[in-house]
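Novice: To be precise about what I am sending: the file is called my_file.txt and holds compact mmCIF, C-alpha atoms.
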# COMPACT_ATOMS: atom_id res chain seq x y z
CA MET A 17 0.51 -22.71 -13.25
CA LEU A 18 -0.53 -24.24 -9.92
CA PRO A 19 -2.04 -21.67 -7.55
CA MET A 20 0.06 -20.95 -4.48
CA GLN A 21 -1.26 -19.96 -1.10
CA VAL A 22 0.54 -16.95 0.40
CA ALA A 23 0.07 -16.61 4.17
CA CYS A 24 0.58 -13.03 5.39
CA VAL A 25 1.14 -13.30 9.13
CA LEU A 26 -0.23 -10.76 11.62
CA TYR A 27 0.42 -10.44 15.34
CA ASP A 28 -0.01 -7.71 17.92
CA GLU A 29 2.31 -4.74 17.23
CA PHE A 30 3.44 -5.87 13.78
CA THR A 31 4.75 -3.16 11.43
CA MET A 32 2.36 -2.48 8.58
CA LEU A 33 4.77 -1.81 5.72
CA ASP A 34 6.72 -5.00 6.55
CA ILE A 35 3.79 -7.12 5.45
CA VAL A 36 1.99 -4.80 3.02
CA GLY A 37 5.08 -4.44 0.81
CA PRO A 38 5.41 -8.16 0.01
CA PHE A 39 1.62 -8.54 -0.04
CA GLN A 40 1.27 -5.85 -2.73
CA VAL A 41 3.94 -7.46 -4.91
CA LEU A 42 2.75 -11.05 -4.50
CA SER A 43 -0.95 -10.25 -4.84
CA SER A 44 -0.28 -8.65 -8.22
CA VAL A 45 1.01 -11.98 -9.58
CA ALA A 46 -1.45 -14.44 -11.14
CA ASP A 47 -2.49 -17.52 -9.22
CA MET A 48 -1.35 -16.34 -5.81
CA GLU A 49 -4.07 -16.82 -3.22
CA ILE A 50 -3.54 -14.44 -0.30
CA VAL A 51 -4.62 -15.32 3.22
CA TRP A 52 -4.14 -12.98 6.18
CA VAL A 53 -3.52 -15.23 9.16
CA ALA A 54 -3.18 -14.66 12.91
CA GLU A 55 -3.88 -16.46 16.15
CA ALA A 56 -7.55 -15.71 15.59
CA PRO A 57 -9.50 -14.02 12.80
CA GLY A 58 -10.29 -10.34 13.29
CA PRO A 59 -8.46 -7.01 13.52
CA VAL A 60 -4.81 -7.04 14.62
CA SER A 61 -3.24 -3.81 15.87
CA ASP A 62 -0.04 -2.47 14.35
CA HIS A 63 2.89 -1.16 16.38
CA THR A 64 1.75 2.44 16.22
CA ARG A 65 -1.57 1.37 17.79
CA THR A 66 -3.36 3.64 15.33
CA GLY A 67 -4.29 1.06 12.74
CA SER A 68 -5.25 -2.53 12.27
CA LEU A 69 -5.27 -5.08 9.52
CA THR A 70 -7.82 -7.86 9.56
CA ALA A 71 -6.86 -11.52 9.77
CA SER A 72 -9.20 -13.61 7.65
CA ALA A 73 -8.06 -16.94 9.09
CA ALA A 74 -6.62 -18.46 12.24
CA PHE A 75 -3.29 -20.29 12.20
CA ASP A 76 -5.17 -23.58 12.64
CA ASP A 77 -7.07 -22.91 9.41
CA VAL A 78 -3.87 -22.62 7.34
CA PRO A 79 -1.91 -25.84 7.79
CA GLU A 80 -0.07 -25.99 4.46
CA PRO A 81 0.73 -22.55 3.05
CA ASP A 82 3.11 -22.42 0.09
CA ILE A 83 4.64 -19.08 1.02
CA VAL A 84 4.81 -17.63 4.51
CA VAL A 85 5.65 -13.97 5.13
CA VAL A 86 6.39 -12.99 8.73
CA PRO A 87 6.61 -9.24 9.36
CA GLY A 88 8.62 -7.55 12.05
CA GLY A 89 7.28 -5.16 14.59
CA LEU A 90 7.99 -3.51 17.85
CA GLY A 91 7.65 -5.86 20.78
CA THR A 92 8.68 -8.76 18.54
CA THR A 93 10.54 -10.30 21.45
CA LYS A 94 7.19 -10.71 23.24
CA HIS A 95 6.36 -13.28 20.55
CA LEU A 96 9.50 -15.44 20.74
CA ASP A 97 7.39 -18.23 22.09
CA GLY A 98 3.71 -18.62 21.45
CA PRO A 99 1.35 -19.14 18.53
CA VAL A 100 3.28 -17.33 15.77
CA VAL A 101 6.50 -19.24 16.34
CA ASP A 102 4.69 -22.54 16.95
CA TRP A 103 2.81 -22.19 13.67
CA VAL A 104 5.88 -21.16 11.66
CA ARG A 105 7.76 -24.17 13.02
CA ALA A 106 4.86 -26.47 12.18
CA VAL A 107 4.25 -25.32 8.61
CA HIS A 108 7.83 -24.76 7.46
CA PRO A 109 8.51 -28.40 6.46
CA THR A 110 5.98 -28.16 3.61
CA THR A 111 6.36 -24.55 2.47
CA THR A 112 7.97 -23.53 -0.80
CA TRP A 113 9.40 -20.42 0.87
CA THR A 114 9.31 -19.34 4.51
CA THR A 115 10.19 -15.67 4.66
CA SER A 116 10.50 -12.73 7.01
CA VAL A 117 10.90 -8.98 6.90
CA CYS A 118 12.68 -6.82 9.48
CA THR A 119 12.56 -8.28 13.01
CA GLY A 120 10.34 -11.05 11.67
CA SER A 121 13.59 -12.99 11.27
CA LEU A 122 13.86 -13.11 15.07
CA LEU A 123 10.65 -15.14 14.98
CA LEU A 124 12.08 -17.49 12.34
CA ALA A 125 15.16 -17.84 14.53
CA ALA A 126 13.00 -18.57 17.58
CA ALA A 127 11.29 -21.29 15.54
CA GLY A 128 14.70 -22.85 15.02
CA LEU A 129 14.84 -22.18 11.28
CA LEU A 130 17.94 -20.00 11.13
CA ASP A 131 20.51 -21.95 13.14
CA GLY A 132 23.87 -21.28 11.51
CA LEU A 133 22.26 -19.73 8.43
CA ALA A 134 23.11 -16.39 6.85
CA ALA A 135 20.13 -14.11 7.44
CA THR A 136 19.25 -10.45 7.68
CA CYS A 137 16.84 -8.24 9.57
CA HIS A 138 16.44 -4.58 10.55
CA TRP A 139 19.97 -3.16 10.94
CA ALA A 140 19.29 -2.22 14.57
CA ALA A 141 18.48 -5.84 15.47
CA LEU A 142 21.29 -7.69 13.67
CA ASP A 143 23.17 -8.32 16.91
CA VAL A 144 20.06 -9.85 18.50
CA LEU A 145 19.67 -12.06 15.42
CA GLY A 146 23.24 -13.24 15.89
CA GLU A 147 22.63 -14.02 19.55
CA MET A 148 19.73 -16.21 18.44
CA GLY A 149 21.95 -18.46 16.34
CA ALA A 150 21.83 -17.01 12.83
CA GLU A 151 24.79 -15.58 10.90
CA PRO A 152 23.66 -11.97 10.64
CA THR A 153 24.54 -10.07 7.49
CA LEU A 154 23.92 -6.47 6.49
CA GLN A 155 22.40 -7.47 3.14
CA ARG A 156 19.06 -6.16 2.01
CA VAL A 157 17.76 -9.59 1.01
CA VAL A 158 19.15 -13.05 1.77
CA LEU A 159 17.69 -15.89 -0.29
CA ARG A 160 18.59 -19.44 0.72
CA PRO A 161 16.92 -21.61 -1.92
CA GLY A 162 18.31 -24.84 -0.48
CA ASP A 163 16.80 -24.04 2.90
CA ARG A 164 13.63 -22.46 1.37
CA ILE A 165 14.19 -19.43 3.56
CA ALA A 166 14.35 -15.77 2.62
CA THR A 167 14.94 -12.87 4.98
CA ALA A 168 14.75 -9.15 4.29
CA ALA A 169 16.25 -6.17 6.09
CA GLY A 170 14.11 -3.50 7.73
CA VAL A 171 10.51 -2.59 6.87
CA SER A 172 10.70 -1.44 3.22
CA ALA A 173 13.10 -4.25 2.24
CA GLY A 174 10.20 -6.68 1.99
CA ILE A 175 9.34 -5.16 -1.39
CA ASP A 176 12.77 -6.07 -2.76
CA MET A 177 12.53 -9.56 -1.24
CA ALA A 178 9.13 -10.20 -2.77
CA LEU A 179 10.38 -9.22 -6.23
CA GLU A 180 13.24 -11.70 -5.86
CA LEU A 181 10.77 -14.40 -4.83
CA VAL A 182 8.66 -13.73 -7.91
CA VAL A 183 11.75 -14.07 -10.10
CA GLU A 184 12.46 -17.44 -8.44
CA LEU A 185 8.88 -18.70 -8.58
CA ARG A 186 7.51 -17.26 -11.82
CA GLY A 187 10.43 -15.86 -13.76
CA ARG A 188 11.75 -12.46 -14.66
CA ALA A 189 8.86 -11.34 -16.87
CA ALA A 190 6.34 -11.90 -14.09
CA ALA A 191 8.51 -9.94 -11.67
CA GLU A 192 8.86 -7.09 -14.18
CA ALA A 193 5.08 -6.95 -14.52
CA ALA A 194 4.69 -6.84 -10.73
CA GLN A 195 7.30 -4.09 -10.44
CA LEU A 196 5.61 -2.03 -13.14
CA ALA A 197 2.14 -2.58 -11.64
CA ILE A 198 3.28 -1.01 -8.36
CA GLU A 199 5.47 1.51 -10.24
CA TYR A 200 8.44 0.55 -8.09
CA ASP A 201 11.06 2.87 -9.54
CA PRO A 202 12.42 4.30 -6.27
CA GLN A 203 13.68 7.88 -6.28
CA PRO A 204 14.17 8.98 -2.67
CA ILE A 205 15.42 12.59 -2.52
CA ILE A 206 17.69 11.75 0.38
CA ASP A 207 20.08 8.84 0.80
CA ALA A 208 20.04 7.81 4.45
CA GLY A 209 18.26 4.48 4.24
CA SER A 210 21.15 2.38 5.50
CA PRO A 211 23.33 2.71 8.61
CA LEU A 212 26.26 2.92 6.19
CA LYS A 213 24.78 6.04 4.58
CA ALA A 214 22.94 7.93 7.31
CA PRO A 215 24.66 10.50 9.54
CA PRO A 216 26.31 8.68 12.48
CA GLU A 217 24.32 10.65 15.05
CA THR A 218 21.06 9.57 13.38
CA VAL A 219 22.22 5.96 13.42
CA GLU A 220 23.08 6.14 17.12
CA LEU A 221 19.85 7.87 18.06
CA LEU A 222 17.72 5.28 16.28
CA ARG A 223 19.83 2.42 17.57
CA SER A 224 19.08 3.44 21.15
CA LEU A 225 15.41 4.15 20.45
CA LEU A 226 14.75 0.98 18.48
CA GLY A 227 17.10 -1.26 20.42
CA SER A 228 15.01 -0.95 23.54
CA ALA A 229 11.76 -1.41 21.63
CA ILE A 230 12.57 -4.65 19.82
CA MET B 9 6.88 21.51 17.46
CA LEU B 10 3.10 21.66 17.09
CA PRO B 11 1.54 18.24 16.58
CA MET B 12 0.02 17.70 13.15
CA GLN B 13 -2.95 15.50 12.39
CA VAL B 14 -2.37 13.15 9.44
CA ALA B 15 -5.57 11.78 7.92
CA CYS B 16 -5.02 8.50 6.06
CA VAL B 17 -8.07 8.08 3.84
CA LEU B 18 -9.70 4.71 3.18
CA TYR B 19 -12.48 3.79 0.75
CA ASP B 20 -13.74 0.59 -0.78
CA GLU B 21 -11.14 -1.00 -3.12
CA PHE B 22 -8.25 1.26 -2.09
CA THR B 23 -4.74 -0.11 -2.71
CA MET B 24 -2.97 -0.97 0.53
CA LEU B 25 0.61 0.03 -0.27
CA ASP B 26 -0.60 3.42 -1.56
CA ILE B 27 -1.59 4.45 1.94
CA VAL B 28 0.66 2.26 4.09
CA GLY B 29 3.84 3.63 2.48
CA PRO B 30 3.19 7.28 3.45
CA PHE B 31 1.66 6.17 6.77
CA GLN B 32 4.82 4.29 7.73
CA VAL B 33 7.04 7.26 6.93
CA LEU B 34 4.86 9.91 8.57
CA SER B 35 4.07 7.85 11.67
CA SER B 36 7.79 7.47 12.36
CA VAL B 37 8.12 11.25 12.72
CA ALA B 38 7.57 12.86 16.13
CA ASP B 39 4.37 14.76 16.80
CA MET B 40 2.39 13.34 13.91
CA GLU B 41 -1.01 12.11 15.04
CA ILE B 42 -2.35 9.52 12.62
CA VAL B 43 -6.06 9.05 12.03
CA TRP B 44 -7.47 6.47 9.62
CA VAL B 45 -10.60 7.99 8.18
CA ALA B 46 -13.41 6.73 5.95
CA GLU B 47 -17.09 7.34 5.39
CA ALA B 48 -17.73 5.37 8.58
CA PRO B 49 -15.46 3.75 11.19
CA GLY B 50 -14.75 0.06 10.74
CA PRO B 51 -12.97 -2.25 8.30
CA VAL B 52 -12.54 -1.09 4.70
CA SER B 53 -11.75 -3.67 2.00
CA ASP B 54 -8.73 -3.26 -0.25
CA HIS B 55 -8.84 -3.78 -4.01
CA THR B 56 -7.77 -7.40 -3.83
CA ARG B 57 -10.74 -8.09 -1.56
CA THR B 58 -8.48 -10.23 0.63
CA GLY B 59 -7.64 -7.67 3.28
CA SER B 60 -8.98 -4.73 5.14
CA LEU B 61 -7.66 -1.82 7.11
CA THR B 62 -9.73 -0.33 9.89
CA ALA B 63 -10.94 3.26 9.85
CA SER B 64 -10.86 4.73 13.34
CA ALA B 65 -12.91 7.79 12.46
CA ALA B 66 -15.62 8.97 10.08
CA PHE B 67 -15.02 11.89 7.73
CA ASP B 68 -17.38 14.00 9.86
CA ASP B 69 -15.11 13.42 12.88
CA VAL B 70 -12.05 14.88 11.12
CA PRO B 71 -12.95 18.40 10.02
CA GLU B 72 -9.50 20.03 10.12
CA PRO B 73 -6.68 17.61 9.31
CA ASP B 74 -3.23 19.11 8.73
CA ILE B 75 -2.15 16.51 6.20
CA VAL B 76 -4.47 14.45 4.01
CA VAL B 77 -3.26 11.37 2.14
CA VAL B 78 -5.63 9.92 -0.46
CA PRO B 79 -4.62 6.51 -1.83
CA GLY B 80 -5.48 5.15 -5.22
CA GLY B 81 -7.22 1.91 -5.90
CA LEU B 82 -9.06 -0.05 -8.47
CA GLY B 83 -12.54 1.23 -9.06
CA THR B 84 -11.40 4.74 -8.14
CA THR B 85 -13.73 6.14 -10.77
CA LYS B 86 -16.67 4.80 -8.70
CA HIS B 87 -15.70 7.40 -6.09
CA LEU B 88 -15.50 10.49 -8.32
CA ASP B 89 -18.53 11.84 -6.55
CA GLY B 90 -19.52 10.92 -3.04
CA PRO B 91 -18.15 11.17 0.49
CA VAL B 92 -14.40 10.94 -0.23
CA VAL B 93 -14.40 13.76 -2.76
CA ASP B 94 -16.87 15.85 -0.76
CA TRP B 95 -14.68 15.61 2.33
CA VAL B 96 -11.44 16.34 0.48
CA ARG B 97 -13.03 19.42 -1.06
CA ALA B 98 -14.32 20.56 2.34
CA VAL B 99 -11.09 20.13 4.32
CA HIS B 100 -8.55 21.29 1.72
CA PRO B 101 -8.86 25.03 2.48
CA THR B 102 -7.34 24.51 5.96
CA THR B 103 -4.83 21.71 5.34
CA THR B 104 -1.07 22.18 5.33
CA TRP B 105 -0.74 19.56 2.58
CA THR B 106 -3.42 17.71 0.63
CA THR B 107 -1.80 14.73 -1.05
CA SER B 108 -2.52 11.67 -3.14
CA VAL B 109 -0.83 8.50 -4.30
CA CYS B 110 -1.51 6.66 -7.57
CA THR B 111 -5.09 7.09 -8.83
CA GLY B 112 -5.86 9.03 -5.67
CA SER B 113 -5.04 12.10 -7.75
CA LEU B 114 -8.19 11.42 -9.80
CA LEU B 115 -10.11 12.03 -6.57
CA LEU B 116 -8.26 15.29 -5.93
CA ALA B 117 -9.06 16.27 -9.52
CA ALA B 118 -12.72 15.37 -9.00
CA ALA B 119 -12.71 17.62 -5.92
CA GLY B 120 -11.58 20.46 -8.19
CA LEU B 121 -8.13 20.79 -6.64
CA LEU B 122 -5.99 20.08 -9.70
CA ASP B 123 -7.47 22.34 -12.38
CA GLY B 124 -4.57 23.40 -14.57
CA LEU B 125 -1.98 22.13 -12.08
CA ALA B 126 0.95 19.86 -12.82
CA ALA B 127 0.21 16.53 -11.13
CA THR B 128 1.09 12.86 -11.37
CA CYS B 129 -0.57 9.51 -10.78
CA HIS B 130 -0.13 5.87 -11.78
CA TRP B 131 1.42 5.88 -15.27
CA ALA B 132 -1.53 3.92 -16.70
CA ALA B 133 -3.98 6.63 -15.58
CA LEU B 134 -2.10 9.77 -16.66
CA ASP B 135 -4.38 10.32 -19.64
CA VAL B 136 -7.46 10.11 -17.43
CA LEU B 137 -5.88 12.65 -15.09
CA GLY B 138 -5.39 14.98 -18.06
CA GLU B 139 -9.01 14.57 -19.14
CA MET B 140 -10.01 15.68 -15.64
CA GLY B 141 -8.28 19.03 -15.95
CA ALA B 142 -4.79 18.50 -14.51
CA GLU B 143 -1.51 18.84 -16.39
CA PRO B 144 -0.32 15.23 -16.17
CA THR B 145 3.40 14.62 -15.82
CA LEU B 146 5.40 11.38 -15.67
CA GLN B 147 7.24 12.50 -12.54
CA ARG B 148 7.44 10.29 -9.46
CA VAL B 149 6.47 13.09 -7.08
CA VAL B 150 5.03 16.53 -7.80
CA LEU B 151 5.10 18.99 -4.90
CA ARG B 152 3.23 22.26 -5.32
CA PRO B 153 3.97 24.19 -2.12
CA GLY B 154 2.07 27.27 -3.22
CA ASP B 155 -1.04 25.17 -3.77
CA ARG B 156 -0.35 22.92 -0.73
CA ILE B 157 -0.82 19.90 -3.00
CA ALA B 158 1.44 16.90 -3.53
CA THR B 159 0.80 14.00 -5.86
CA ALA B 160 2.74 10.75 -6.24
CA ALA B 161 2.95 8.25 -9.08
CA GLY B 162 1.78 4.65 -8.71
CA VAL B 163 1.51 2.66 -5.47
CA SER B 164 5.09 2.57 -4.13
CA ALA B 165 5.72 6.24 -5.02
CA GLY B 166 3.92 7.34 -1.88
CA ILE B 167 7.02 6.45 0.13
CA ASP B 168 9.11 8.91 -1.88
CA MET B 169 6.41 11.57 -1.60
CA ALA B 170 6.16 11.19 2.16
CA LEU B 171 9.92 11.62 2.56
CA GLU B 172 9.73 14.85 0.55
CA LEU B 173 6.89 16.06 2.76
CA VAL B 174 8.94 15.37 5.89
CA VAL B 175 11.82 17.38 4.43
CA GLU B 176 9.40 20.27 3.81
CA LEU B 177 7.68 20.05 7.19
CA ARG B 178 10.43 19.01 9.58
CA GLY B 179 13.72 19.33 7.72
CA ARG B 180 16.28 17.04 6.25
CA ALA B 181 17.48 15.44 9.50
CA ALA B 182 13.97 14.31 10.41
CA ALA B 183 13.51 12.82 6.94
CA GLU B 184 16.85 11.01 7.19
CA ALA B 185 15.76 9.50 10.50
CA ALA B 186 12.47 8.36 8.98
CA GLN B 187 14.27 6.85 5.99
CA LEU B 188 16.70 4.99 8.23
CA ALA B 189 13.92 3.80 10.56
CA ILE B 190 12.21 2.06 7.63
CA GLU B 191 15.58 1.10 6.10
CA TYR B 192 14.53 2.59 2.78
CA ASP B 193 17.63 1.88 0.74
CA PRO B 194 15.95 0.35 -2.31
CA GLN B 195 17.80 -2.35 -4.23
CA PRO B 196 15.37 -4.00 -6.65
CA ILE B 197 17.10 -6.75 -8.62
CA ILE B 198 15.19 -5.81 -11.74
CA ASP B 199 14.62 -2.40 -13.29
CA ALA B 200 11.15 -2.36 -14.79
CA GLY B 201 9.37 -0.04 -12.39
CA SER B 202 8.58 2.66 -14.93
CA PRO B 203 6.92 2.48 -18.36
CA LEU B 204 10.14 4.00 -19.71
CA LYS B 205 12.15 1.03 -18.41
CA ALA B 206 9.87 -2.02 -18.63
CA PRO B 207 9.64 -4.17 -21.77
CA PRO B 208 7.09 -2.59 -24.17
CA GLU B 209 4.94 -5.73 -24.21
CA THR B 210 4.68 -5.63 -20.41
CA VAL B 211 3.70 -1.98 -20.55
CA GLU B 212 0.98 -2.66 -23.10
CA LEU B 213 -0.37 -5.68 -21.25
CA LEU B 214 -0.67 -3.76 -17.99
CA ARG B 215 -2.07 -0.70 -19.72
CA SER B 216 -4.95 -2.74 -21.06
CA LEU B 217 -5.48 -4.64 -17.79
CA LEU B 218 -5.30 -1.59 -15.52
CA GLY B 219 -6.89 0.87 -17.92
CA SER B 220 -10.20 -0.92 -17.76
CA ALA B 221 -9.99 -1.33 -13.97
CA ILE B 222 -9.42 2.30 -13.01
Could you rewrite the structure in this file as structure tokens?

Specialist:
Amino acid sequence: MLPMQVACVLYDEFTMLDIVGPFQVLSSVADMEIVWVAEAPGPVSDHTRTGSLTASAAFDDVPEPDIVVVPGGLGTTKHLDGPVVDWVRAVHPTTTWTTSVCTGSLLLAAAGLLDGLAATCHWAALDVLGEMGAEPTLQRVVLRPGDRIATAAGVSAGIDMALELVVELRGRAAAEAAQLAIEYDPQPIIDAGSPLKAPPETVELLRSLLGSAI
Amino acid sequence: MLPMQVACVLYDEFTMLDIVGPFQVLSSVADMEIVWVAEAPGPVSDHTRTGSLTASAAFDDVPEPDIVVVPGGLGTTKHLDGPVVDWVRAVHPTTTWTTSVCTGSLLLAAAGLLDGLAATCHWAALDVLGEMGAEPTLQRVVLRPGDRIATAAGVSAGIDMALELVVELRGRAAAEAAQLAIEYDPQPIIDAGSPLKAPPETVELLRSLLGSAI
């Protein structure tokens, strides 16, 4: 099995679980080399401003990643031009999969990768995704093998996307091993994880809170 | 609502998703002050040795946290005595909830908090947990309100535990908002996330791989 390089992208005000979910799945698979990449090496602050993850490489140091994972965040729209989008646009032609979680798909769209394509993102940002040229869909994961692009819905959906990528790349048995390693057998005691399931007043409250923060 | 201080514990070779799952849930709730705490401030390497999260405070700087979350990791048994366990033992008498994810429960057990109590951890370490004096159970989340202790199964189970804590602390509506904010509506395309569901050969392979690494 040829090793694959997985580039986990970081930028100011990213959302931690967006990137750590796929990272934890993909890093549990054999022959996946993880690199944490940002504009410059060093700590990158998350959107809560309480924590930071460390980039081990600069974008310039990672010219040919096999898999790219772009997280969402708050303030994503501050990054619609600049180093993240420039790098994603530059590396996409040679990736095996270019992927995003949550509002990370706005950055793929800004890089010109989603024009006319079905794609998903955090439910509260689907309309923005549509305005940027994609065909927004309220699916949890959208895989487009022909385009080598995968997008996931909000925050926790990156775990589901990563499992689907492992099935594509390494087969079902490898994905089952990854799922068992992280004991991903979800049992939430409440069932409000989608705007179709949550109380309408909760949906509206979050839509107004998050809508202004994207 | 009185603010609560949530201490997210880091130590060498912790597992990222163990702590980032609960962090992402709890940090989305109002009036939760997050502090990332370790033996000393600064970057702390995860078990893959590719990434690091930054501790913003030393254990000595956080003497009275309201909620403690202890992640698991590989090499957890290297920490069965030392600063993590000493601090957990010292702060537990005044916490509202002392919690763990995955093999983090081995550290609670080492601190003497689980003697004779029902508790869970990563499925591959349940027998070790039993040897340390707890009553191991293959549940995803075990809440013991009378003892102010919660334990979660492997890695991803911390998300489910954190939602249950929010229900306890702030009520169902707050937990629904947190679940919707992180769009936690799990839809894995495979169903191998528990040793009761995965193929037996996968269970045995991982048991031998992980058993020697704990």

Novice: So, with all atoms listed in the file as the atoms that count, which of A:Gln195, A:Gln203, A:Thr92, A:Thr111 lies closest to Arg148 of chain B?

Specialist: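 Distance minimum relative to Arg148 of chain B lands on A:Gln203.
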
Novice: Within 8 Å of chain B, which residues of chain A are there when counting all atoms listed in the file? Please give them as an NGL selection string.

Specialist: :A and (32-33 or 36-37 or 40 or 43 or 50-52 or 59 or 64 or 66-72 or 138-139 or 156 or 169-173 or 176 or 179-180 or 189 or 191-193 or 195-211 or 214 or 218-219 or 222)

Novice: Report, in Å to a single decimal, how far apart atom CA of Leu18 of chain B and atom CA of Arg152 of chain B are.

Specialist: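 Pair atom CA of Arg152 of chain B / atom CA of Leu18 of chain B returns 23.4 Å.
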
Novice: Using only C-alpha atoms for the distances, tell me which of B:Ala160, B:Leu217, B:Leu116, B:Val78 is nearest to Phe22 of chain B.

Specialist: B:Val78

Novice: Which is closest to Thr115 of chain A among A:Val22, A:Val85, A:Ala73, A:Ile230, if we use only C-alpha atoms?

Specialist: A:Val85
